[in-house]
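*Asks:* Take this structure, written in structure tokens, and hold onto it; I'll ask about it next.
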Amino acid sequence: MPDVLDASPYDALLLLSFGGPEGPDDVVPFLENVTRGRGIPKERLKEVGQHYFLFGGVSPINDQNRALLVALRKDFAEHGLDLPVYWGNRNWAPYLTDTLREMVRDGRRRILVLATSAYASYSGCRQYRENLADSLAALEAEGLELPRIDKLRHYFNHPGFVEPMVDGVVRSLAELPEEVRDGAHIAFCTHSIPNSAADTSGPVEEHGDGGAYVRQHLDVAQVIADAVRERTGVDHPWQLVYQSRSGAPHIPWLEPDICDHLEERRAAGVPAVVMAPIGFVSDHMEVLYDLDTEATAKAEELGLPVRRSATVGADPRFAAAVRDLVLERSAAERGREVAPCALGALGASHNLCPVGCCPARAPRPAAAGADSPYA
């Protein structure tokens, strides 16, 4: 096998995701997992879960992860990359600890992790690393030999993640009525997080107003907007907006909210908007409900034509990007010089999360970083 397809020293890839309910009876237990430790009453969780019940109690995220697994395994096999791919979730079956136990019993000793979150933030990176540490502690208590785990770098600006989103925005613009198409604005959407979490996202030197989280999204949005202009010949105005806010109303979260943004755009005379969910890997519940249901209903109320572009999902280019990231990290671990692939102005992200990166409010052990107790 050519050295370029050598994944050593790694012997497995773990797809690590959020998880979601797969039936009505799963919704409240799933939300209990998500909110564990916050003391939220079950009746309140039933209210929160209403948007899941609108879709039969089924989140699409697990099926989307199954599709991504198929795409990854197909891409690896077609390119001669002999690396088994496993799947574990933070909040629903297959649970992370169960998957890691299976991997250990299969003899896996050096594991790479692909998290289904492309950007730096506590909830999108460090919390997954804390989950990994929790699972390793559980396996250690069982007397199992612990594997070494590394996490793939943030891939928000990898061409295989960006290019499918460019295609999605171009398609969505083409679907708008011709008379409003050229005047359409683009709303690049991502998950809102508390301002304090945004400000401390990324390495310490990147902390500040919005931190790495906002900076990375703005960089990708600019790359996509530039590519759309080159493809269509039209320079569409754009803005980064937020969705899926939760938590206490007195705590500041990133704004503007997508629905507020649509109202403002309509009042300003904008003829149409394309909502581009660049903060999400797949069309999971927060895309289907917050954009396709809630924001689309707001647009209809306003008489504002909108389209929502596709997420990356299981696009073959994304699967190829994961292969590229695996080979890049593997080569670096073997001591080879690596030229990482990245678009935009920020360059490739770090391979190893440094101390102080995306800190938690209450310090907890986190694996796969410079401060890992499981190095």
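In the structure tokens, the first chain shown is A, the next is B, and so on; residue numbers restart at 1 for each chain, and ligands run from 1 in the order shown.
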Within 6 Å of segment 185-196 of chain A, counting only C-alpha atoms, which residues show up once you throw out same-chain ones fewer than 5 positions away? Write them as JSON, numbers by chain, please.
*Replies:* {"A": [236, 237, 238, 239, 240, 241, 242, 243, 244, 245, 252, 253, 254, 273, 274, 275, 276, 277, 278, 279]}
*Asks:* Using only C-alpha atoms, determine which residues lie at most 10 Å from Lys46 of chain A, disregarding the query and same-chain residues fewer than 3 positions distant; provide the list as a list in words.
*Replies:*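 Contacts, in chain order: Val27, Val28, Pro29, Leu31, Pro41, Lys42, Glu43, Gly49, Gln50, His51, Tyr52 and Phe53 of chain A.
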*Asks:* May I have the residues from that selection written out with all heavy atoms, as a short mmCIF file (atom, residue, chain, number, x, y, z; two decimals), in the first residue's frame?
*Replies:*
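Below is the file part-v1.cif, written as the result:
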```cif
data_model
loop_
_atom_site.label_atom_id
_atom_site.label_comp_id
_atom_site.auth_asym_id
_atom_site.auth_seq_id
_atom_site.Cartn_x
_atom_site.Cartn_y
_atom_site.Cartn_z
N VAL A 27 -38.10 10.20 23.55
CA VAL A 27 -37.86 11.64 23.57
C VAL A 27 -37.48 12.14 24.96
O VAL A 27 -36.45 12.81 25.14
CB VAL A 27 -39.10 12.41 23.03
CG1 VAL A 27 -38.91 13.91 23.24
CG2 VAL A 27 -39.30 12.11 21.56
N VAL A 28 -38.31 11.86 25.97
CA VAL A 28 -38.02 12.37 27.32
C VAL A 28 -36.75 11.74 27.88
O VAL A 28 -35.90 12.46 28.43
CB VAL A 28 -39.23 12.18 28.25
CG1 VAL A 28 -38.85 12.51 29.69
CG2 VAL A 28 -40.38 13.08 27.80
N PRO A 29 -36.55 10.41 27.78
CA PRO A 29 -35.27 9.86 28.26
C PRO A 29 -34.06 10.48 27.55
O PRO A 29 -33.03 10.72 28.19
CB PRO A 29 -35.39 8.37 27.95
CG PRO A 29 -36.85 8.10 27.96
CD PRO A 29 -37.47 9.33 27.39
N LEU A 31 -33.88 13.56 26.31
CA LEU A 31 -33.71 14.91 26.85
C LEU A 31 -33.18 14.87 28.29
O LEU A 31 -32.45 15.78 28.71
CB LEU A 31 -35.03 15.68 26.78
CG LEU A 31 -35.49 16.02 25.35
CD1 LEU A 31 -36.88 16.64 25.39
CD2 LEU A 31 -34.51 16.97 24.67
N PRO A 41 -37.43 19.56 35.46
CA PRO A 41 -38.52 18.61 35.70
C PRO A 41 -38.94 17.90 34.42
O PRO A 41 -38.83 18.44 33.32
CB PRO A 41 -39.65 19.50 36.24
CG PRO A 41 -39.00 20.76 36.66
CD PRO A 41 -37.80 20.94 35.79
N LYS A 42 -39.48 16.68 34.60
CA LYS A 42 -39.89 15.89 33.44
C LYS A 42 -40.99 16.58 32.64
O LYS A 42 -41.01 16.50 31.41
CB LYS A 42 -40.36 14.51 33.91
CG LYS A 42 -40.76 13.58 32.76
CD LYS A 42 -41.02 12.15 33.25
CE LYS A 42 -39.74 11.47 33.63
NZ LYS A 42 -39.93 10.01 33.87
N GLU A 43 -41.90 17.26 33.32
CA GLU A 43 -42.97 17.95 32.61
C GLU A 43 -42.41 19.03 31.69
O GLU A 43 -42.92 19.25 30.59
CB GLU A 43 -43.97 18.57 33.60
CG GLU A 43 -44.82 17.54 34.33
CD GLU A 43 -45.53 16.58 33.37
OE1 GLU A 43 -46.15 17.07 32.41
OE2 GLU A 43 -45.43 15.36 33.58
N GLY A 49 -39.73 18.83 24.33
CA GLY A 49 -39.68 17.79 23.31
C GLY A 49 -40.77 17.87 22.26
O GLY A 49 -40.83 17.01 21.37
N GLN A 50 -41.60 18.91 22.31
CA GLN A 50 -42.72 18.98 21.35
C GLN A 50 -42.25 19.00 19.90
O GLN A 50 -42.91 18.45 19.02
CB GLN A 50 -43.59 20.21 21.65
CG GLN A 50 -44.46 20.07 22.88
CD GLN A 50 -45.32 18.81 22.86
OE1 GLN A 50 -46.03 18.53 21.88
NE2 GLN A 50 -45.24 18.03 23.93
N HIS A 51 -41.13 19.65 19.63
CA HIS A 51 -40.69 19.69 18.23
C HIS A 51 -40.25 18.31 17.75
O HIS A 51 -40.33 18.03 16.56
CB HIS A 51 -39.59 20.73 18.02
CG HIS A 51 -38.37 20.56 18.85
ND1 HIS A 51 -38.32 20.92 20.16
CD2 HIS A 51 -37.14 20.08 18.54
CE1 HIS A 51 -37.10 20.68 20.64
NE2 HIS A 51 -36.37 20.16 19.67
N TYR A 52 -39.81 17.42 18.67
CA TYR A 52 -39.53 16.04 18.27
C TYR A 52 -40.84 15.31 17.97
O TYR A 52 -40.93 14.55 17.00
CB TYR A 52 -38.77 15.30 19.38
CG TYR A 52 -37.33 15.72 19.50
CD1 TYR A 52 -36.91 16.61 20.48
CD2 TYR A 52 -36.36 15.21 18.62
CE1 TYR A 52 -35.59 16.99 20.60
CE2 TYR A 52 -35.03 15.58 18.73
CZ TYR A 52 -34.65 16.47 19.72
OH TYR A 52 -33.34 16.85 19.82
N PHE A 53 -41.85 15.56 18.80
CA PHE A 53 -43.14 14.87 18.59
C PHE A 53 -43.79 15.28 17.27
O PHE A 53 -44.53 14.49 16.67
CB PHE A 53 -44.08 15.13 19.77
CG PHE A 53 -43.63 14.52 21.07
CD1 PHE A 53 -43.40 15.30 22.19
CD2 PHE A 53 -43.40 13.16 21.16
CE1 PHE A 53 -42.98 14.75 23.38
CE2 PHE A 53 -42.97 12.58 22.35
CZ PHE A 53 -42.76 13.38 23.46
#
```
*Asks:* If you run DSSP on the backbone here, which positions in segment 152-314 of chain A get strand (DSSP E or B)? Please write them as an NGL selection string.
*Replies:* :A and (185-191 or 194 or 238-243 or 253 or 257 or 273-276 or 306-308)
*Asks:* From a DSSP pass on the backbone, collect the residues of segment 13-248 of chain A flagged as helix (DSSP H, G or I) and hand them back as number ranges by chain.
*Replies:* A: 24-34, 42-48, 50-53, 61-78, 96-105, 122-141, 159-175, 178-181, 195-199, 204-206, 211-232
*Asks:* How far is it from atom CA of Val170 of chain A to atom CA of Ala295 of chain A, in Å with one decimal?
*Replies:*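 Computing the Euclidean distance for atom CA of Val170 of chain A and atom CA of Ala295 of chain A yields 20.0 Å.
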*Asks:* Which residues are near Arg66 of chain A? Cut-off 9 Å, only C-alpha atoms, ignore same chain within fewer than 5 positions. Put them as a PyMOL selection string.
*Replies:* chain A and resi 61+71+87
*Asks:* List the neighbours of Asp182 of chain A out to 10 Å using only C-alpha atoms; skip same-chain residues closer than 6 positions along the sequence, and give me the result as number ranges by chain.
*Replies:* A: 173-174, 176, 232-236, 271-272
*Asks:* When you count only C-alpha atoms, which of these residues is closest to His154 of chain A: A:Arg126, A:Ile111, A:Leu136, A:Ser8?
*Replies:*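 Nearest to His154 of chain A: A:Arg126.
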*Asks:* What lies within 9 Å of Val85 of chain A using only C-alpha atoms, ignoring chain neighbours under 3 positions off, as a VMD selection string?
*Replies:* chain A and resid 12 to 15 69 72 to 73
*Asks:* Fewer than 5 positions away in the same chain doesn't count, so skip those; otherwise give me all residues within 12 Å of Arg266 of chain A, counting only C-alpha atoms, as a PyMOL selection string.
*Replies:* chain A and resi 184-185+259-261+271-273+298-306
*Asks:* Residues as selected, C-alpha atoms, written as a short mmCIF file (atom, residue, chain, number, x, y, z; two decimals), in the first residue's frame, can you do that?
*Replies:*
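Result written to result.cif:
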```cif
data_model
loop_
_atom_site.label_atom_id
_atom_site.label_comp_id
_atom_site.auth_asym_id
_atom_site.auth_seq_id
_atom_site.Cartn_x
_atom_site.Cartn_y
_atom_site.Cartn_z
CA ALA A 184 -31.57 37.74 -2.46
CA HIS A 185 -29.50 37.95 0.71
CA CYS A 259 -36.40 34.93 12.82
CA ASP A 260 -35.47 38.43 13.98
CA HIS A 261 -33.10 38.68 11.03
CA PRO A 271 -36.81 40.55 -1.76
CA ALA A 272 -35.68 37.05 -0.70
CA VAL A 273 -33.32 35.17 1.64
CA LYS A 298 -41.95 33.34 10.00
CA ALA A 299 -40.93 34.06 6.39
CA GLU A 300 -44.37 33.03 5.12
CA GLU A 301 -45.97 35.32 7.70
CA LEU A 302 -43.79 38.16 6.41
CA GLY A 303 -44.42 37.35 2.75
CA LEU A 304 -40.68 36.87 2.29
CA PRO A 305 -39.54 34.18 -0.18
CA VAL A 306 -36.93 31.92 1.47
#
```
*Asks:* What's the separation between atom CA of Ser309 of chain A and atom CA of Asn91 of chain A, in Å to one decimal place?
*Replies:*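 Atom-to-atom, atom CA of Ser309 of chain A to atom CA of Asn91 of chain A, that is 27.1 Å.
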*Asks:* Using only C-alpha atoms, which of A:Glu47, A:Asp11, A:Glu294, A:Glu163 sits nearest Asp315 of chain A?
*Replies:*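 Ranked by minimum distance to Asp315 of chain A, first place goes to A:Glu163.
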*Asks:* With only C-alpha atoms as the atoms that count, which of A:Pro359, A:Ala342, A:Ala319, A:Thr311 lies nearest to Ser172 of chain A?
*Replies:* A:Thr311
